[in-house]
Amino acid sequence: MKRFLVILVVIGILASVTAVAAAGVVASVSPSNLMPRIGQSVTVTVRIAGNGVPVGAFGATLVYDPTILRYESDGGIVGMTGVVNATQPGKVFFNGVNIKGVPNTNDVLAVKFTALKAGVTPLDLTITSMAESKTFASILPLVRDGQLWVRR
């Protein structure tokens with residue numbers, strides 16, 4: 001009987017994780033200008049669309065080419081308590097937490113860059129962790145990266 005209960009609990013946990021993963025949480029990167037000129041500023045916004053799933057916490061990294069873009073500033077984490085670390089050229093590490101959860105689309109971070117030279121840079125977003133706020137179930141979001149083409 002005890003073994004049967006343990007199996008039921010494990011199945012319940014797996015079902016809740018699967019349900020959250022299938023709910024359609026999306027993390028994306030959106031630059032304000034896809035083709036800035038050298039010397040121009042461009043803001044890259046990171047958005048999390050919970051699509052009804054209350055996102056309670058996340059950890060993420062935004063990777064870019066530091067020879068093409070220079071980090072200038074960020075507006076901090078929006079709608080959540082969090083930290084932004086941009087001390088390593090080419091990477092912006094950030095995280096956020098909101099115990100009530102953020103169930104709808106939320107622009108969580110806006111990073112301002114300056115275009116340094118002509119070329120294409122990826123805007124690779126990696127979600128290192130994400131959890132639902134009520135059950136703490138792991139969320140597996142769809143991630144939509146971006147890129148910029150800096151013109152002369």
# chains A, B, ... in the order shown; residues from 1 in each chain; ligands from 1

call {"tool": "closest_atom_pairs", "arguments": {"of": "range 66-93 of chain A", "to": "range 36-51 of chain A", "cutoff": "12 Å", "atoms": "only C-alpha atoms", "output": "Markdown table"}}
result
| residue | atom | partner | partner_atom | distance |
| --- | --- | --- | --- | --- |
| A:Thr67 | CA | A:Ile38 | CA | 11.8 |
| A:Ile68 | CA | A:Ile38 | CA | 8.9 |
| A:Leu69 | CA | A:Val42 | CA | 9.1 |
| A:Arg70 | CA | A:Ser41 | CA | 9.4 |
| A:Tyr71 | CA | A:Ser41 | CA | 9.9 |
| A:Glu72 | CA | A:Ser41 | CA | 8.9 |
| A:Ser73 | CA | A:Thr43 | CA | 9.4 |
| A:Asp74 | CA | A:Thr43 | CA | 8.8 |
| A:Gly75 | CA | A:Thr45 | CA | 10.0 |
| A:Gly76 | CA | A:Thr45 | CA | 11.2 |
| A:Ile77 | CA | A:Val46 | CA | 9.9 |
| A:Val78 | CA | A:Arg47 | CA | 10.1 |
| A:Gly79 | CA | A:Ile48 | CA | 10.8 |
| A:Met80 | CA | A:Ile48 | CA | 11.6 |
| A:Val92 | CA | A:Val46 | CA | 11.2 |
| A:Phe93 | CA | A:Val46 | CA | 11.9 |

call {"tool": "select_by_dssp", "arguments": {"residues": "chain A", "states": "strand (DSSP E or B)", "output": "ChimeraX atom specification"}}
result
/A:26-31,37,41-49,55-63,69-74,81-85,91-102,105-115,119-132,138,142-144,146-151

call {"tool": "closest_residue", "arguments": {"among": "A:Tyr64, A:Phe136, A:Phe94, A:Trp149", "to": "Leu123 in chain A", "atoms": "only C-alpha atoms"}}
result
A:Tyr64

call {"tool": "atom_distance", "arguments": {"atom1": "CA of Gly146 in chain A", "atom2": "CA of Ile99 in chain A"}}
result
29.2 Å

call {"tool": "residues_around", "arguments": {"residues": "Leu125 in chain A", "least_positions_apart": "4", "cutoff": "8 Å", "atoms": "only C-alpha atoms", "output": "PyMOL selection string"}}
result
chain A and resi 28-29+60-63+143-145

call {"tool": "decode", "arguments": {"residues": "range 51-71 of chain A", "atoms": "N, CA and C atoms", "output": "compact mmCIF listing (two decimals), in the first residue's frame"}}
result
# COMPACT_ATOMS: atom_id res chain seq x y z
N ASN A 51 1.18 33.42 -20.30
CA ASN A 51 -0.01 32.82 -20.91
C ASN A 51 -0.89 32.11 -19.88
N GLY A 52 -1.10 32.78 -18.76
CA GLY A 52 -1.97 32.24 -17.72
C GLY A 52 -1.25 31.45 -16.64
N VAL A 53 0.01 31.07 -16.88
CA VAL A 53 0.80 30.36 -15.88
C VAL A 53 1.50 31.41 -15.02
N PRO A 54 1.29 31.41 -13.70
CA PRO A 54 1.92 32.42 -12.86
C PRO A 54 3.42 32.13 -12.66
N VAL A 55 4.26 32.82 -13.44
CA VAL A 55 5.70 32.64 -13.33
C VAL A 55 6.16 33.29 -12.03
N GLY A 56 6.76 32.49 -11.15
CA GLY A 56 7.17 32.99 -9.84
C GLY A 56 8.64 33.35 -9.74
N ALA A 57 9.48 32.69 -10.55
CA ALA A 57 10.91 32.97 -10.49
C ALA A 57 11.58 32.50 -11.77
N PHE A 58 12.71 33.15 -12.09
CA PHE A 58 13.49 32.74 -13.25
C PHE A 58 14.92 33.20 -13.09
N GLY A 59 15.80 32.56 -13.82
CA GLY A 59 17.19 32.96 -13.96
C GLY A 59 17.50 32.91 -15.44
N ALA A 60 18.25 33.89 -15.96
CA ALA A 60 18.48 33.94 -17.40
C ALA A 60 19.80 34.61 -17.73
N THR A 61 20.24 34.40 -18.98
CA THR A 61 21.43 35.04 -19.50
C THR A 61 21.14 35.51 -20.92
N LEU A 62 21.56 36.73 -21.24
CA LEU A 62 21.49 37.28 -22.59
C LEU A 62 22.92 37.41 -23.10
N VAL A 63 23.22 36.73 -24.21
CA VAL A 63 24.58 36.74 -24.77
C VAL A 63 24.57 37.53 -26.07
N TYR A 64 25.57 38.39 -26.26
CA TYR A 64 25.71 39.22 -27.46
C TYR A 64 27.19 39.33 -27.79
N ASP A 65 27.51 39.84 -28.97
CA ASP A 65 28.90 40.02 -29.38
C ASP A 65 29.39 41.39 -28.87
N PRO A 66 30.33 41.40 -27.90
CA PRO A 66 30.78 42.67 -27.33
C PRO A 66 31.66 43.50 -28.27
N THR A 67 32.07 42.91 -29.39
CA THR A 67 32.82 43.71 -30.37
C THR A 67 31.87 44.52 -31.26
N ILE A 68 30.58 44.14 -31.26
CA ILE A 68 29.58 44.83 -32.09
C ILE A 68 28.68 45.72 -31.24
N LEU A 69 28.35 45.29 -30.03
CA LEU A 69 27.50 46.07 -29.13
C LEU A 69 28.24 46.33 -27.82
N ARG A 70 28.02 47.52 -27.27
CA ARG A 70 28.55 47.85 -25.95
C ARG A 70 27.38 48.04 -24.99
N TYR A 71 27.40 47.33 -23.89
CA TYR A 71 26.38 47.50 -22.84
C TYR A 71 26.51 48.90 -22.27
